[in-house]
$ cat run28.txt   # compact mmCIF, C-alpha atoms
# COMPACT_ATOMS: atom_id res chain seq x y z
CA MET A 1 4.17 17.17 8.57
CA LEU A 2 3.18 13.53 8.96
CA LYS A 3 3.62 11.84 12.34
CA ARG A 4 4.77 8.32 13.13
CA SER A 5 1.22 7.36 14.12
CA ASP A 6 0.01 8.61 10.72
CA TYR A 7 2.20 6.06 8.99
CA PHE A 8 0.87 3.34 11.24
CA LEU A 9 -2.68 4.31 10.28
CA PHE A 10 -1.68 4.22 6.60
CA ILE A 11 -0.35 0.68 7.08
CA ALA A 12 -3.48 -0.27 9.03
CA ALA A 13 -5.63 0.96 6.14
CA PHE A 14 -3.50 -1.05 3.72
CA MET A 15 -3.86 -4.21 5.80
CA MET A 16 -7.60 -3.80 6.26
CA ASP A 17 -8.26 -3.33 2.56
CA PHE A 18 -5.78 -6.03 1.50
CA CYS A 19 -7.53 -8.61 3.66
CA THR A 20 -10.99 -7.31 2.76
CA GLY A 21 -10.06 -7.26 -0.94
CA LEU A 22 -8.86 -10.84 -1.13
CA VAL A 23 -11.81 -12.15 0.94
CA SER A 24 -14.33 -10.11 -1.09
CA PHE A 25 -12.77 -11.50 -4.26
CA ALA A 26 -13.04 -15.09 -3.00
CA VAL A 27 -16.65 -14.90 -1.73
CA PRO A 28 -18.36 -14.70 -5.18
CA LEU A 29 -16.14 -17.48 -6.55
CA ARG A 30 -16.89 -19.65 -3.52
CA ALA A 31 -20.59 -18.94 -3.96
CA LEU A 32 -20.40 -19.96 -7.63
CA ASP A 33 -18.71 -23.21 -6.58
CA MET A 34 -21.71 -23.81 -4.33
CA GLY A 35 -24.11 -23.30 -7.25
CA ALA A 36 -25.17 -19.69 -6.64
CA SER A 37 -27.04 -17.86 -9.41
CA VAL A 38 -26.32 -14.32 -10.61
CA VAL A 39 -29.23 -13.08 -8.50
CA GLU A 40 -27.75 -14.74 -5.42
CA LEU A 41 -24.39 -13.16 -6.22
CA GLY A 42 -26.19 -9.83 -6.31
CA PHE A 43 -27.72 -10.55 -2.90
CA ILE A 44 -24.26 -11.15 -1.42
CA GLY A 45 -22.98 -7.81 -2.68
CA THR A 46 -26.16 -6.07 -1.64
CA ALA A 47 -26.19 -7.57 1.86
CA GLY A 48 -22.63 -6.43 2.53
CA SER A 49 -23.05 -2.95 1.13
CA LEU A 50 -26.46 -2.47 2.76
CA SER A 51 -25.14 -3.37 6.21
CA PHE A 52 -22.21 -0.99 5.64
CA THR A 53 -24.57 1.82 4.59
CA VAL A 54 -26.95 1.35 7.50
CA ALA A 55 -24.12 1.03 10.03
CA CYS A 56 -22.57 4.31 8.82
CA THR A 57 -25.63 6.17 10.10
CA PHE A 58 -24.49 5.29 13.64
CA THR A 59 -20.73 4.80 13.53
CA GLY A 60 -19.91 8.37 12.55
CA LYS A 61 -21.35 9.67 15.83
CA LEU A 62 -19.48 6.94 17.70
CA ALA A 63 -16.22 8.14 16.12
CA ASP A 64 -16.88 11.65 17.44
CA ARG A 65 -17.82 10.54 20.98
CA PHE A 66 -15.59 7.57 21.90
CA ASP A 67 -11.94 6.54 21.80
CA ARG A 68 -11.25 6.06 18.11
CA ARG A 69 -8.29 3.76 18.68
CA ARG A 70 -10.54 1.41 20.64
CA LEU A 71 -13.11 1.45 17.85
CA LEU A 72 -10.39 0.46 15.36
CA ALA A 73 -9.30 -2.46 17.53
CA ILE A 74 -12.89 -3.68 17.99
CA ALA A 75 -13.57 -3.47 14.26
CA ALA A 76 -10.41 -5.36 13.31
CA GLY A 77 -10.90 -8.04 15.96
CA LEU A 78 -14.51 -8.75 15.05
CA THR A 79 -13.60 -8.76 11.35
CA ALA A 80 -11.09 -11.54 12.07
CA LEU A 81 -13.92 -13.59 13.60
CA VAL A 82 -16.15 -13.00 10.57
CA PHE A 83 -13.40 -14.05 8.17
CA GLY A 84 -13.04 -17.19 10.26
CA MET A 85 -16.75 -17.82 9.76
CA LEU A 86 -16.32 -17.46 6.00
CA PHE A 87 -13.39 -19.90 6.13
CA LEU A 88 -15.73 -22.47 7.67
CA ALA A 89 -18.69 -21.68 5.38
CA VAL A 90 -20.31 -24.79 3.90
CA ASN A 91 -23.29 -23.20 2.14
CA TYR A 92 -24.46 -20.05 0.41
CA TRP A 93 -26.29 -18.68 3.47
CA MET A 94 -23.14 -18.65 5.59
CA LEU A 95 -21.40 -16.66 2.86
CA LEU A 96 -24.33 -14.24 2.74
CA ALA A 97 -24.33 -13.73 6.52
CA GLY A 98 -20.55 -13.36 6.62
CA ALA A 99 -20.59 -10.72 3.89
CA ALA A 100 -23.24 -8.72 5.75
CA LEU A 101 -21.40 -8.89 9.08
CA GLY A 102 -17.97 -8.17 7.61
CA TRP A 103 -19.02 -5.09 5.66
CA GLY A 104 -21.02 -3.80 8.62
CA LEU A 105 -17.85 -3.85 10.73
CA LEU A 106 -15.99 -1.84 8.09
CA ALA A 107 -18.38 1.02 8.89
CA LEU A 108 -16.86 1.09 12.37
CA PHE A 109 -13.29 1.17 11.07
CA TRP A 110 -13.19 3.66 8.18
CA PRO A 111 -14.92 6.75 9.66
CA ALA A 112 -12.80 6.45 12.80
CA VAL A 113 -9.44 6.15 11.03
CA GLN A 114 -10.24 9.02 8.65
CA ALA A 115 -11.41 11.25 11.50
CA ILE A 116 -8.11 10.64 13.34
CA LEU A 117 -6.13 11.61 10.25
CA ALA A 118 -8.28 14.67 9.43
CA GLU A 119 -8.41 16.14 12.93
CA GLY A 120 -6.52 19.40 13.38
CA ARG A 121 -5.17 19.62 9.81
CA SER A 122 -4.90 22.78 7.77
CA ARG A 123 -6.10 22.65 4.17
CA GLY A 124 -2.67 21.77 2.80
CA GLN A 125 -2.05 19.18 5.50
CA LEU A 126 -5.49 17.66 4.93
CA VAL A 127 -4.87 17.19 1.20
CA ARG A 128 -1.45 15.60 1.73
CA THR A 129 -2.49 13.38 4.62
CA LEU A 130 -5.69 12.07 3.04
CA GLY A 131 -3.93 11.71 -0.31
CA THR A 132 -1.30 9.44 1.24
CA PHE A 133 -3.98 7.55 3.15
CA ASN A 134 -5.94 6.96 -0.07
CA MET A 135 -2.87 5.60 -1.83
CA PHE A 136 -2.23 3.08 0.94
CA TRP A 137 -5.76 1.69 1.16
CA THR A 138 -5.99 1.58 -2.62
CA LEU A 139 -2.75 -0.38 -2.82
CA GLY A 140 -4.23 -2.83 -0.32
CA PHE A 141 -7.46 -3.27 -2.24
CA MET A 142 -5.53 -3.60 -5.49
CA LEU A 143 -3.19 -6.30 -4.22
CA GLY A 144 -5.98 -8.08 -2.34
CA PRO A 145 -7.93 -9.33 -5.40
CA LEU A 146 -4.65 -9.92 -7.23
CA ALA A 147 -3.39 -12.19 -4.43
CA GLY A 148 -6.84 -13.68 -4.03
CA GLY A 149 -6.84 -14.99 -7.59
CA TYR A 150 -3.61 -16.92 -7.10
CA LEU A 151 -4.47 -18.11 -3.58
CA TYR A 152 -7.86 -19.36 -4.77
CA LEU A 153 -6.14 -21.53 -7.37
CA VAL A 154 -4.08 -23.14 -4.60
CA GLY A 155 -7.13 -23.69 -2.39
CA PRO A 156 -10.56 -22.02 -2.18
CA ARG A 157 -10.24 -21.57 1.59
CA LEU A 158 -6.75 -20.06 1.52
CA PRO A 159 -7.87 -16.41 0.90
CA PHE A 160 -10.07 -16.59 4.00
CA ALA A 161 -7.27 -18.06 6.13
CA THR A 162 -4.96 -15.27 4.98
CA GLY A 163 -7.60 -12.69 5.84
CA VAL A 164 -8.01 -14.06 9.37
CA THR A 165 -4.25 -13.97 9.95
CA GLY A 166 -3.96 -10.39 8.73
CA MET A 167 -6.86 -9.14 10.88
CA VAL A 168 -5.51 -10.79 14.02
CA ALA A 169 -2.11 -9.15 13.43
CA LEU A 170 -3.76 -5.76 12.82
CA THR A 171 -5.85 -6.03 16.00
CA LEU A 172 -2.79 -6.74 18.12
CA ALA A 173 -0.87 -3.85 16.54
CA ILE A 174 -3.69 -1.36 17.22
CA ILE A 175 -3.92 -2.44 20.85
CA VAL A 176 -0.19 -1.92 21.37
CA LEU A 177 0.01 1.52 19.66
CA ARG A 178 -0.87 4.74 21.50
CA PHE A 179 -2.15 7.65 19.41
CA LYS A 180 -1.26 11.25 20.16
CA PRO A 181 -3.98 13.61 18.89
CA THR A 182 -2.96 16.26 16.39
CA ALA A 183 -2.98 19.77 17.81
CA VAL A 184 -5.98 21.66 16.45
CA ARG A 185 -5.03 24.72 14.45
CA ASP A 186 -6.93 27.30 12.49
CA GLU A 187 -7.03 27.32 8.73
CA ASP A 188 -4.44 29.56 7.14
CA PRO A 189 -6.34 32.02 4.92
CA ALA A 190 -3.35 32.13 2.58
CA GLU A 191 -3.89 28.46 1.88
CA ASP A 192 -7.50 29.01 0.84
CA PRO A 193 -7.87 31.48 -2.04
CA ARG A 194 -11.43 30.19 -2.56
CA GLU A 195 -12.64 30.83 0.99
CA HIS A 196 -15.96 32.24 -0.28
CA VAL A 197 -16.79 29.19 -2.44
CA ASP A 198 -19.88 27.23 -1.35
CA THR A 199 -18.25 24.07 0.02
CA ALA A 200 -21.61 22.42 0.75
CA ARG A 201 -22.67 22.70 -2.91
CA PHE A 202 -19.47 21.05 -4.14
CA ARG A 203 -19.85 18.41 -1.45
CA TRP A 204 -23.19 17.36 -2.96
CA ILE A 205 -21.67 17.35 -6.45
CA ALA A 206 -18.81 15.15 -5.29
CA TRP A 207 -21.13 12.83 -3.36
CA THR A 208 -23.18 12.32 -6.52
CA ALA A 209 -20.08 11.47 -8.55
CA ASN A 210 -18.90 9.18 -5.75
CA PHE A 211 -22.21 7.31 -5.87
CA THR A 212 -21.87 6.65 -9.60
CA ALA A 213 -18.26 5.51 -9.17
CA PHE A 214 -18.99 2.94 -6.49
CA PHE A 215 -22.17 1.86 -8.25
CA MET A 216 -19.86 0.59 -11.00
CA ILE A 217 -17.27 -0.87 -8.63
CA GLY A 218 -20.01 -2.82 -6.86
CA MET A 219 -21.28 -4.06 -10.21
CA LEU A 220 -17.85 -5.20 -11.39
CA ASN A 221 -16.90 -6.88 -8.12
CA ASN A 222 -20.14 -8.83 -7.76
CA GLN A 223 -21.47 -9.39 -11.28
CA PHE A 224 -18.42 -9.59 -13.52
CA PRO A 225 -17.16 -12.90 -12.00
CA LYS A 226 -20.19 -14.65 -13.55
CA LEU A 227 -19.56 -13.06 -16.96
CA ALA A 228 -15.89 -13.96 -16.57
CA THR A 229 -16.77 -17.65 -16.25
CA VAL A 230 -18.80 -17.46 -19.47
CA LEU A 231 -15.87 -15.76 -21.21
CA LEU A 232 -13.54 -18.50 -19.85
CA ILE A 233 -11.44 -16.00 -17.89
CA ARG A 234 -9.27 -17.77 -15.28
CA PRO A 235 -9.47 -16.71 -11.59
CA ASP A 236 -5.91 -15.33 -11.64
CA THR A 237 -6.68 -13.27 -14.78
CA LEU A 238 -9.91 -12.08 -13.17
CA GLY A 239 -7.89 -10.93 -10.17
CA ILE A 240 -5.66 -8.87 -12.45
CA LEU A 241 -8.68 -7.27 -14.14
CA LEU A 242 -10.23 -6.33 -10.80
CA ALA A 243 -6.90 -4.89 -9.64
CA ILE A 244 -6.61 -2.54 -12.63
CA PRO A 245 -9.17 0.02 -11.37
CA ARG A 246 -7.28 0.23 -8.10
CA LEU A 247 -4.01 0.89 -9.92
CA LEU A 248 -5.53 3.76 -11.87
CA GLN A 249 -7.30 5.25 -8.86
CA MET A 250 -4.04 5.16 -6.91
CA ALA A 251 -2.41 7.17 -9.70
CA VAL A 252 -5.22 9.73 -9.41
CA PHE A 253 -4.79 9.84 -5.63
CA LEU A 254 -1.10 10.57 -6.16
CA VAL A 255 -1.91 13.52 -8.41
CA ALA A 256 -4.57 14.78 -5.98
CA ARG A 257 -2.08 14.65 -3.10
CA TYR A 258 0.28 17.15 -4.71
CA THR A 259 -2.18 19.48 -6.46
CA THR A 260 -5.21 21.63 -5.64
CA TRP A 261 -6.41 22.61 -9.12
CA TRP A 262 -9.15 19.95 -8.97
CA GLN A 263 -10.82 21.55 -5.96
CA PHE A 264 -14.07 23.53 -6.43
CA ARG A 265 -14.32 22.63 -10.12
CA LEU A 266 -16.80 20.46 -12.00
CA ARG A 267 -14.67 19.37 -14.96
CA PRO A 268 -12.29 17.09 -12.97
CA LEU A 269 -15.34 15.00 -12.06
CA VAL A 270 -17.24 15.06 -15.35
CA ILE A 271 -14.33 14.05 -17.63
CA PRO A 272 -13.66 10.76 -15.76
CA GLN A 273 -17.40 10.03 -15.83
CA ILE A 274 -17.45 10.43 -19.61
CA ALA A 275 -14.48 8.07 -19.85
CA ALA A 276 -16.29 5.57 -17.63
CA VAL A 277 -19.33 5.65 -19.93
CA VAL A 278 -17.04 4.59 -22.78
CA GLY A 279 -15.58 1.90 -20.54
CA MET A 280 -18.99 0.46 -19.66
CA VAL A 281 -19.95 0.38 -23.34
CA VAL A 282 -16.82 -1.73 -23.89
CA VAL A 283 -17.73 -4.16 -21.07
CA ALA A 284 -21.25 -4.43 -22.46
CA THR A 285 -20.09 -5.32 -25.99
CA GLN A 286 -16.55 -6.76 -26.02
CA ASP A 287 -14.95 -10.10 -25.10
CA SER A 288 -11.21 -9.42 -25.42
CA THR A 289 -9.39 -9.44 -22.08
CA VAL A 290 -7.05 -6.65 -23.20
CA VAL A 291 -9.94 -4.41 -24.21
CA LEU A 292 -11.77 -5.18 -20.97
CA ALA A 293 -8.64 -4.16 -19.06
CA PHE A 294 -8.88 -0.71 -20.69
CA ALA A 295 -12.54 -0.46 -19.66
CA PHE A 296 -11.76 -1.38 -16.06
CA GLY A 297 -9.11 1.33 -16.02
CA THR A 298 -11.67 4.04 -16.79
CA VAL A 299 -13.59 3.02 -13.68
CA GLY A 300 -10.42 3.49 -11.64
CA LEU A 301 -9.97 7.02 -12.97
CA LEU A 302 -13.49 7.93 -11.88
CA VAL A 303 -13.18 6.35 -8.43
CA GLY A 304 -9.92 8.21 -7.81
CA ALA A 305 -11.33 11.58 -8.86
CA ALA A 306 -14.72 11.20 -7.19
CA PHE A 307 -13.48 9.80 -3.88
CA SER A 308 -10.72 12.42 -3.57
CA ALA A 309 -13.22 15.24 -4.05
CA SER A 310 -15.92 13.67 -1.89
CA GLN A 311 -13.50 13.01 0.94
CA PHE A 312 -11.96 16.51 0.82
CA TYR A 313 -15.32 18.31 0.87
CA SER A 314 -16.54 16.04 3.68
CA PHE A 315 -13.71 17.04 6.04
CA PHE A 316 -12.74 20.57 4.89
CA GLN A 317 -14.00 23.21 7.36
CA GLU A 318 -16.10 20.60 9.22
CA GLU A 319 -16.06 20.16 12.98
CA ARG A 320 -17.87 16.79 13.25
CA LYS A 321 -15.34 14.91 11.17
CA GLY A 322 -16.42 11.46 12.27
CA GLU A 323 -20.03 12.11 11.30
CA LYS A 324 -19.16 13.72 7.96
CA GLY A 325 -16.67 10.96 7.19
CA ALA A 326 -19.33 8.36 7.91
CA ARG A 327 -21.77 10.15 5.63
CA ASN A 328 -19.21 10.05 2.82
CA GLU A 329 -18.72 6.32 3.44
CA MET A 330 -22.50 5.91 3.44
CA ILE A 331 -22.61 7.34 -0.09
CA VAL A 332 -20.04 4.72 -1.07
CA GLY A 333 -22.20 2.02 0.49
CA MET A 334 -25.34 3.24 -1.27
CA GLY A 335 -23.62 2.92 -4.62
CA MET A 336 -22.37 -0.55 -3.82
CA VAL A 337 -25.82 -1.61 -2.57
CA SER A 338 -27.80 -0.57 -5.61
CA GLY A 339 -25.28 -1.78 -8.20
CA PRO A 340 -25.19 -5.50 -7.33
CA LEU A 341 -28.92 -5.62 -6.47
CA VAL A 342 -30.32 -4.12 -9.66
CA GLY A 343 -27.49 -5.54 -11.77
CA GLY A 344 -28.17 -9.07 -10.55
CA LEU A 345 -31.84 -8.82 -11.45
CA LEU A 346 -31.06 -7.45 -14.91
CA ALA A 347 -28.45 -10.14 -15.53
CA GLN A 348 -30.95 -12.84 -14.57
CA LEU A 349 -33.92 -11.46 -16.51
CA ILE A 350 -32.26 -10.01 -19.63
CA GLY A 351 -28.60 -10.98 -19.92
CA LEU A 352 -25.16 -10.83 -18.34
CA ARG A 353 -24.24 -7.65 -20.26
CA MET A 354 -27.23 -5.57 -19.17
CA PRO A 355 -25.77 -4.44 -15.82
CA TYR A 356 -23.13 -2.44 -17.71
CA VAL A 357 -25.73 -0.77 -19.90
CA LEU A 358 -27.38 0.29 -16.64
CA CYS A 359 -24.04 1.74 -15.50
CA CYS A 360 -24.05 4.03 -18.55
CA VAL A 361 -27.53 5.27 -17.65
CA VAL A 362 -26.53 5.93 -14.04
CA LEU A 363 -23.40 7.81 -15.09
CA ILE A 364 -25.28 10.07 -17.48
CA ALA A 365 -28.00 10.75 -14.90
CA GLY A 366 -25.31 11.56 -12.34
CA MET A 367 -23.66 14.11 -14.63
CA LEU A 368 -27.00 15.84 -15.18
CA VAL A 369 -27.61 16.06 -11.43
CA GLU A 370 -24.10 17.41 -10.83
CA TYR A 371 -24.58 20.07 -13.47
CA ARG A 372 -27.80 21.21 -11.79
CA TRP A 373 -26.00 21.47 -8.45
CA TYR A 374 -23.17 23.37 -10.11
CA ARG A 375 -25.55 25.91 -11.64
CA LYS A 376 -27.48 26.34 -8.40
CA ARG A 377 -26.93 29.58 -6.55
CA ASP A 378 -28.08 30.30 -3.02

$ encode --input "run28.txt" --output "structure tokens"
Amino acid sequence: MLKRSDYFLFIAAFMMDFCTGLVSFAVPLRALDMGASVVELGFIGTAGSLSFTVACTFTGKLADRFDRRRLLAIAAGLTALVFGMLFLAVNYWMLLAGAALGWGLLALFWPAVQAILAEGRSRGQLVRTLGTFNMFWTLGFMLGPLAGGYLYLVGPRLPFATGVTGMVALTLAIIVLRFKPTAVRDEDPAEDPREHVDTARFRWIAWTANFTAFFMIGMLNNQFPKLATVLLIRPDTLGILLAIPRLLQMAVFLVARYTTWWQFRLRPLVIPQIAAVVGMVVVATQDSTVVLAFAFGTVGLLVGAAFSASQFYSFFQEERKGEKGARNEMIVGMGMVSGPLVGGLLAQLIGLRMPYVLCCVVLIAGMLVEYRWYRKRD
């Protein structure tokens, strides 16, 4: 049964990703206004994701040792300051530094909030709680770029001002709230008919799929805005396109919340990856906005399936939930580091469509690795 504090954490996750989503959407457009190249766009995405990945190596242990509520308040408060820095940015280098600092602070927030929600849950409770949590943060990150597109048309600094306001409000709310820890209980064997399944093996499979999913998300968020300008796609339309994957992944999170058939199986991960390959072929070859919307949707299906599995296997039957949660987030960061970095170089040297050809290669390689893990027996 969900507690009142659980719902607050869901709303906090929504607010964090809403503000992060609209600011992340505005940063590449602001950089383009300042004359940034596709390689420099790639550096912005890489700097943010790299700082997030590196920070996750430390923040998971912090979430297991210190007051998690205090960590959430510190992360939200410092993020408000960084968004204020981005509001005042007058050159590319300030945007680059702000992206790196902002994403690094997210590594303090997400492992802590997930560890709070996962602590003391049985298998059924864990699936329902994390499923609801995933729907809330996805809704935030879906509406963030959508709102960012319209706010940017009103004024290029308005998304950053909105982000600052939201983070200040979130910080104050976290300080006021007092969390009551969930009572730790043993797993109910009746809830786990697959108790002898190798959870660690499926964790590696899911982590691999998660990497490929966020490799593509990082590519779309940081490289597609440049292609969108060439295709004469308006900022508000671009915001809708970038919101579509979030809508589809939220639908997958909803299904995952009420079912368990996807657990300890390979097919629920491979099928979305195959669909995403088709989607990336579309992005690499087509110009129609409607067709591109379909392609973006396939990415959302994969993110929903891969993140649900990766998150579940990271927390299920694990004692150090903060550390395992941070490792799962680190996989996300690794995907979002490599995508913009390599994609930016390919776009500069070969063409704006090449990053999406690379996505197809990464997806296929990921499926091969997952199959090898699946066939492995201890």

$ residues_near_point --input "run28.txt" --point "(-12.5, -13.0, -2.4)" --cutoff "12 Å" --atoms "all atoms listed in the file" --output "short mmCIF file (atom, residue, chain, number, x, y, z; two decimals) with C-alpha atoms, in the coordinates of the input"
data_model
loop_
_atom_site.label_atom_id
_atom_site.label_comp_id
_atom_site.auth_asym_id
_atom_site.auth_seq_id
_atom_site.Cartn_x
_atom_site.Cartn_y
_atom_site.Cartn_z
CA ASP A 17 -8.26 -3.33 2.56
CA PHE A 18 -5.78 -6.03 1.50
CA CYS A 19 -7.53 -8.61 3.66
CA THR A 20 -10.99 -7.31 2.76
CA GLY A 21 -10.06 -7.26 -0.94
CA LEU A 22 -8.86 -10.84 -1.13
CA VAL A 23 -11.81 -12.15 0.94
CA SER A 24 -14.33 -10.11 -1.09
CA PHE A 25 -12.77 -11.50 -4.26
CA ALA A 26 -13.04 -15.09 -3.00
CA VAL A 27 -16.65 -14.90 -1.73
CA PRO A 28 -18.36 -14.70 -5.18
CA LEU A 29 -16.14 -17.48 -6.55
CA ARG A 30 -16.89 -19.65 -3.52
CA ALA A 31 -20.59 -18.94 -3.96
CA LEU A 32 -20.40 -19.96 -7.63
CA ILE A 44 -24.26 -11.15 -1.42
CA GLY A 45 -22.98 -7.81 -2.68
CA PHE A 83 -13.40 -14.05 8.17
CA LEU A 86 -16.32 -17.46 6.00
CA PHE A 87 -13.39 -19.90 6.13
CA LEU A 95 -21.40 -16.66 2.86
CA ALA A 99 -20.59 -10.72 3.89
CA PHE A 141 -7.46 -3.27 -2.24
CA LEU A 143 -3.19 -6.30 -4.22
CA GLY A 144 -5.98 -8.08 -2.34
CA PRO A 145 -7.93 -9.33 -5.40
CA LEU A 146 -4.65 -9.92 -7.23
CA ALA A 147 -3.39 -12.19 -4.43
CA GLY A 148 -6.84 -13.68 -4.03
CA GLY A 149 -6.84 -14.99 -7.59
CA TYR A 150 -3.61 -16.92 -7.10
CA LEU A 151 -4.47 -18.11 -3.58
CA TYR A 152 -7.86 -19.36 -4.77
CA LEU A 153 -6.14 -21.53 -7.37
CA GLY A 155 -7.13 -23.69 -2.39
CA PRO A 156 -10.56 -22.02 -2.18
CA ARG A 157 -10.24 -21.57 1.59
CA LEU A 158 -6.75 -20.06 1.52
CA PRO A 159 -7.87 -16.41 0.90
CA PHE A 160 -10.07 -16.59 4.00
CA ALA A 161 -7.27 -18.06 6.13
CA THR A 162 -4.96 -15.27 4.98
CA GLY A 163 -7.60 -12.69 5.84
CA ASN A 221 -16.90 -6.88 -8.12
CA ASN A 222 -20.14 -8.83 -7.76
CA PRO A 225 -17.16 -12.90 -12.00
CA PRO A 235 -9.47 -16.71 -11.59
CA ASP A 236 -5.91 -15.33 -11.64
CA LEU A 238 -9.91 -12.08 -13.17
CA GLY A 239 -7.89 -10.93 -10.17
CA LEU A 242 -10.23 -6.33 -10.80
#

$ atom_distance --input "run28.txt" --atom1 "CA of Ile217 in chain A" --atom2 "CA of Met167 in chain A"
23.6 Å

$ closest_residue --input "run28.txt" --among "A:Ile174, A:Leu72, A:Ala276, A:Ile205" --to "Trp373 in chain A" --atoms "all atoms listed in the file"
A:Ile205

$ closest_residue --input "run28.txt" --among "A:Ser288, A:Gln249, A:Ser308, A:Thr59" --to "Ala228 in chain A" --atoms "all atoms listed in the file"
A:Ser288

$ residues_around --input "run28.txt" --residues "Leu363 in chain A" --least-positions-apart "6" --cutoff "12 Å" --atoms "all atoms listed in the file" --output "PyMOL selection string"
chain A and resi 208-216+269-281+299+302+335+339+356-357+369-370

$ residues_around --input "run28.txt" --residues "Ala100 in chain A" --least-positions-apart "3" --cutoff "8 Å" --atoms "all atoms listed in the file" --output "mmCIF file with C-alpha atoms, in the coordinates of the input"
data_model
loop_
_atom_site.group_PDB
_atom_site.id
_atom_site.type_symbol
_atom_site.label_atom_id
_atom_site.label_comp_id
_atom_site.auth_asym_id
_atom_site.auth_seq_id
_atom_site.Cartn_x
_atom_site.Cartn_y
_atom_site.Cartn_z
ATOM 1 C CA ILE A 44 -24.260 -11.150 -1.420
ATOM 2 C CA ALA A 47 -26.190 -7.570 1.860
ATOM 3 C CA GLY A 48 -22.630 -6.430 2.530
ATOM 4 C CA SER A 49 -23.050 -2.950 1.130
ATOM 5 C CA LEU A 50 -26.460 -2.470 2.760
ATOM 6 C CA SER A 51 -25.140 -3.370 6.210
ATOM 7 C CA PHE A 52 -22.210 -0.990 5.640
ATOM 8 C CA LEU A 96 -24.330 -14.240 2.740
ATOM 9 C CA ALA A 97 -24.330 -13.730 6.520
ATOM 10 C CA TRP A 103 -19.020 -5.090 5.660
ATOM 11 C CA GLY A 104 -21.020 -3.800 8.620
#

$ residues_around --input "run28.txt" --residues "Gln223 in chain A" --least-positions-apart "5" --cutoff "8 Å" --atoms "all atoms listed in the file" --output "list in words"
Val38, Leu41, Gly42, Pro340, Gly343, Gly344 and Pro355 of chain A

$ write_last_selection --input "run28.txt" --atoms "C-alpha atoms" --output "PDB file, in the coordinates of the input"
ATOM      1  CA  VAL A  38     -26.320 -14.320 -10.610  1.00  0.00           C
ATOM      2  CA  LEU A  41     -24.390 -13.160  -6.220  1.00  0.00           C
ATOM      3  CA  GLY A  42     -26.190  -9.830  -6.310  1.00  0.00           C
ATOM      4  CA  PRO A 340     -25.190  -5.500  -7.330  1.00  0.00           C
ATOM      5  CA  GLY A 343     -27.490  -5.540 -11.770  1.00  0.00           C
ATOM      6  CA  GLY A 344     -28.170  -9.070 -10.550  1.00  0.00           C
ATOM      7  CA  PRO A 355     -25.770  -4.440 -15.820  1.00  0.00           C
TER       8      PRO A 355
END

$ residues_around --input "run28.txt" --residues "range 74-77 of chain A" --least-positions-apart "3" --cutoff "10 Å" --atoms "all atoms listed in the file" --output "list in words"
Ala12, Met16, Arg68, Arg69, Arg70, Leu71, Ala80, Leu81, Val82, Gly102, Gly104, Leu105, Leu106, Ala107, Leu108, Phe109, Trp110, Val164, Gly166, Met167, Val168, Ala169, Leu170, Thr171, Leu172, Ile174 and Ile175 of chain A

$ residues_around --input "run28.txt" --residues "range 310-313 of chain A" --least-positions-apart "4" --cutoff "7 Å" --atoms "all atoms listed in the file" --output "list in words"
Thr199, Arg203, Ala206, Trp207, Asn210, Ala306 and Asn328 of chain A

$ build_atoms --input "run28.txt" --residues "range 221-231 of chain A" --atoms "N, CA and C atoms" --output "CSV table (one decimal), in the frame of the given file"
chain,number,residue,atom,x,y,z
A,221,ASN,N,-17.4,-5.9,-9.1
A,221,ASN,CA,-16.9,-6.9,-8.1
A,221,ASN,C,-17.9,-8.1,-7.9
A,222,ASN,N,-19.2,-7.8,-8.1
A,222,ASN,CA,-20.1,-8.8,-7.8
A,222,ASN,C,-20.8,-9.5,-9.0
A,223,GLN,N,-20.8,-8.8,-10.1
A,223,GLN,CA,-21.5,-9.4,-11.3
A,223,GLN,C,-20.5,-9.9,-12.3
A,224,PHE,N,-19.3,-9.2,-12.5
A,224,PHE,CA,-18.4,-9.6,-13.5
A,224,PHE,C,-17.9,-11.0,-13.3
A,225,PRO,N,-17.6,-11.5,-12.1
A,225,PRO,CA,-17.2,-12.9,-12.0
A,225,PRO,C,-18.0,-13.9,-12.8
A,226,LYS,N,-19.3,-13.7,-12.8
A,226,LYS,CA,-20.2,-14.6,-13.6
A,226,LYS,C,-19.9,-14.5,-15.0
A,227,LEU,N,-19.9,-13.3,-15.5
A,227,LEU,CA,-19.6,-13.1,-17.0
A,227,LEU,C,-18.2,-13.6,-17.3
A,228,ALA,N,-17.2,-13.5,-16.4
A,228,ALA,CA,-15.9,-14.0,-16.6
A,228,ALA,C,-15.9,-15.5,-16.8
A,229,THR,N,-16.7,-16.2,-16.1
A,229,THR,CA,-16.8,-17.6,-16.2
A,229,THR,C,-17.3,-18.0,-17.6
A,230,VAL,N,-18.3,-17.2,-18.1
A,230,VAL,CA,-18.8,-17.5,-19.5
A,230,VAL,C,-17.7,-17.2,-20.5
A,231,LEU,N,-16.9,-16.1,-20.3
A,231,LEU,CA,-15.9,-15.8,-21.2
A,231,LEU,C,-14.6,-16.6,-21.0
